[in-house]
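Comments concern the structure below.
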Amino acid sequence: MLSTSYIMQGIVYKSTGSWYTVKANDGEFYDCRIKGKFRIKDIKSTNPIAVGDKVNFDLETIGDETVGIIDGIGDRKNYIVRKSVKLSKQTHIIAANLDQVFLMVTLNNPTTYTSFIDRFLITAEAYDIPVVLLFNKMDSYDEEEKVEVDYLIDLYQKIGYQCIALSAINGENIEKVRELMVGKTSMFSGNSGVGKSTLINALEPKLELKTAEISEQHLQGQHTTTFAEMYDLSFGARIIDTPGIRGFGVVDMEKEEIGDYFPEFFELKSACKFNNCLHLDEPQCAVKAALEKNEVSWSRYRSYTQMLNDEEESYRTDIHRER
C-alpha cells in the first residue's frame, strides 16, 4: 500500500484518553493518536496531552485511511490540574493554554461548597489563570437564598475575584459572560449539575449540548460531558467544556507556599513577625489577627488549614456564612 506523510501543527480540541481531535492550522479537524510512549518531561500526569495544547503531528495516509500521529507539544503558557481520581500520586491536566476560567457555583441542587471553590481558586492562582465566579440558578432561589448568594459574592469580590449572578435558564446576565469571552479561550468548570452545558447552550444555541436533570435521590448532577472538549463560537470566542467534578485535590504545593495563593493572606504576610509564618500558632501573625477582627473570612481560613493538613474536602461543611 502507498503511504504518504505530512508534518502539521494544530490545537487539541478533544481528548478521549487515547484519541485526540486536533484542529490544524489549515482549519481542518483530524483524528490523532500519540506516537509510542509519549511523555512530557517532569509531569506525572495520567494524560500527557490535554485540550488546548498546541501539537505537532504527522498526517499519515495509508490506503484510504488518514490518521495523525502526535510527536511533539508546544510550550504551555499555563494549565490547570487536579489529583487523578484513580491514581492519587498522579495528576490529571484538565486543560491548557487558557485565558480565563469560569467556575460555576450553585447554592443547592447541587451545593457547591466553599472548600471546593477555594481549592479551585488557589490552583488557578498557582498557574496564573484568571477566574470568574458564576453564581447560577438565580431564578430558583428564594429571598433568603439570594441574600446568601449576595454574601458569597461580597466575600469573593473583596478578595479580588469577579463574580456574576446569573440564570442560564432565563438568560439573566448571559450577555455579561459573553462579553468577557470575546477573543479569548475560556474554560467552564464546576460540580456536576451546576448548569455548564445549559449555560453554553444559552451562549451558543447551535451547539445543542446534552443536558441532564439533577438526580433526586442524591441531589447531585449527572455527568453529561464525558470528555473535555473545545468549541469555536460564532462571536469570536473559544470555550472548553469539562466533565463535572465532585472534588478538587490540590497538587504539587509545599505547605509554605499554599498561603501565598490566598490573595488576602499574601497581602498580610509581610506584617507577620516571621517571614515563614504558616498562620497557625505563631506569635504576632497578621492573618490570625485579621481573622479575629473578621477582616478575613473564616470559611477561607478553614479551607486553608484543610489544605495545609492535606485533608480531603469537607462535603458536610455548610456553604452558609460563618462569622
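Here, A, B, ... name the chains of the C-alpha cells in the order displayed, residue numbers run from 1 inside each chain, and ligands are numbered from 1 in the same displayed order.
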- Selection: 8 Å around stretch 21-23 of chain A, only C-alpha atoms, excl. self and same-chain fewer than 4 positions, as an MDAnalysis selection string: chainID A and resid 10:15 27:32
- Task: as a list in words, please: all residues of stretch 254-300 of chain A that backbone DSSP puts in alpha helix (DSSP H).
- Result: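 Restricting stretch 254-300 of chain A to alpha helix (DSSP H) produces Lys255, Glu256, Glu257, Ile258, Pro263, Glu264, Phe265, Phe266, Glu267, Leu268, Ala286, Val287, Lys288, Ala289, Ala290, Leu291, Glu292, Trp298, Ser299 and Arg300 of chain A.
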- Item | Contact residues around A:Asn97 with only C-alpha atoms at 9 Å, ignoring same-chain residues under 5 positions, as a list in words |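 That gives Val51, Gly52, Asp53, Lys54, Arg76, Lys77, Asn78, Tyr79, Ile80 and Thr185 of chain A.
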Can I get the selected residues back with N, CA and C atoms, as a PDB file, in the first residue's frame?
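So again15.pdb came out as:
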```pdb
ATOM      1  N   VAL A  51      -6.681  19.100  26.200  1.00  0.00           N
ATOM      2  CA  VAL A  51      -7.378  20.051  25.337  1.00  0.00           C
ATOM      3  C   VAL A  51      -6.750  21.430  25.515  1.00  0.00           C
ATOM      4  N   GLY A  52      -6.496  22.093  24.384  1.00  0.00           N
ATOM      5  CA  GLY A  52      -5.852  23.398  24.414  1.00  0.00           C
ATOM      6  C   GLY A  52      -4.375  23.348  24.086  1.00  0.00           C
ATOM      7  N   ASP A  53      -3.787  22.158  24.130  1.00  0.00           N
ATOM      8  CA  ASP A  53      -2.377  22.015  23.802  1.00  0.00           C
ATOM      9  C   ASP A  53      -2.117  22.277  22.321  1.00  0.00           C
ATOM     10  N   LYS A  54      -0.981  22.909  22.043  1.00  0.00           N
ATOM     11  CA  LYS A  54      -0.524  23.086  20.665  1.00  0.00           C
ATOM     12  C   LYS A  54       0.410  21.931  20.346  1.00  0.00           C
ATOM     13  N   ARG A  76       3.542  25.345  27.090  1.00  0.00           N
ATOM     14  CA  ARG A  76       2.261  25.798  27.628  1.00  0.00           C
ATOM     15  C   ARG A  76       2.452  27.125  28.357  1.00  0.00           C
ATOM     16  N   LYS A  77       1.517  28.064  28.134  1.00  0.00           N
ATOM     17  CA  LYS A  77       1.572  29.305  28.923  1.00  0.00           C
ATOM     18  C   LYS A  77       0.990  29.056  30.309  1.00  0.00           C
ATOM     19  N   ASN A  78       0.106  28.075  30.422  1.00  0.00           N
ATOM     20  CA  ASN A  78      -0.434  27.656  31.707  1.00  0.00           C
ATOM     21  C   ASN A  78      -1.220  26.369  31.510  1.00  0.00           C
ATOM     22  N   TYR A  79      -1.625  25.775  32.603  1.00  0.00           N
ATOM     23  CA  TYR A  79      -2.546  24.632  32.559  1.00  0.00           C
ATOM     24  C   TYR A  79      -3.154  24.491  33.941  1.00  0.00           C
ATOM     25  N   ILE A  80      -4.269  23.798  34.017  1.00  0.00           N
ATOM     26  CA  ILE A  80      -4.916  23.606  35.319  1.00  0.00           C
ATOM     27  C   ILE A  80      -5.036  22.114  35.567  1.00  0.00           C
ATOM     28  N   THR A 185      -9.845  32.225  25.005  1.00  0.00           N
ATOM     29  CA  THR A 185     -10.126  30.807  25.233  1.00  0.00           C
ATOM     30  C   THR A 185     -10.497  30.650  26.696  1.00  0.00           C
TER      31      THR A 185
END
```
- Item | Interatomic distance (Å, one decimal) between atom CA of A:Asn201 and atom CA of A:Ala228 |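 Value for the atom CA of A:Asn201-atom CA of A:Ala228 distance: 15.8 Å.
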- Which is closer to A:Met181 than all the others in A:Ile117, A:Ile258, A:Leu98, A:Leu152, using only C-alpha atoms?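 Answer, going by the shortest atom-to-atom distance: A:Leu98.
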- Find the residues around A:Val149 up to 9 Å (only C-alpha atoms counted), leave out those fewer than 5 positions away in its own chain, and share them as a VMD selection string. chain A and resid 106 to 107 135 138 144 154 165
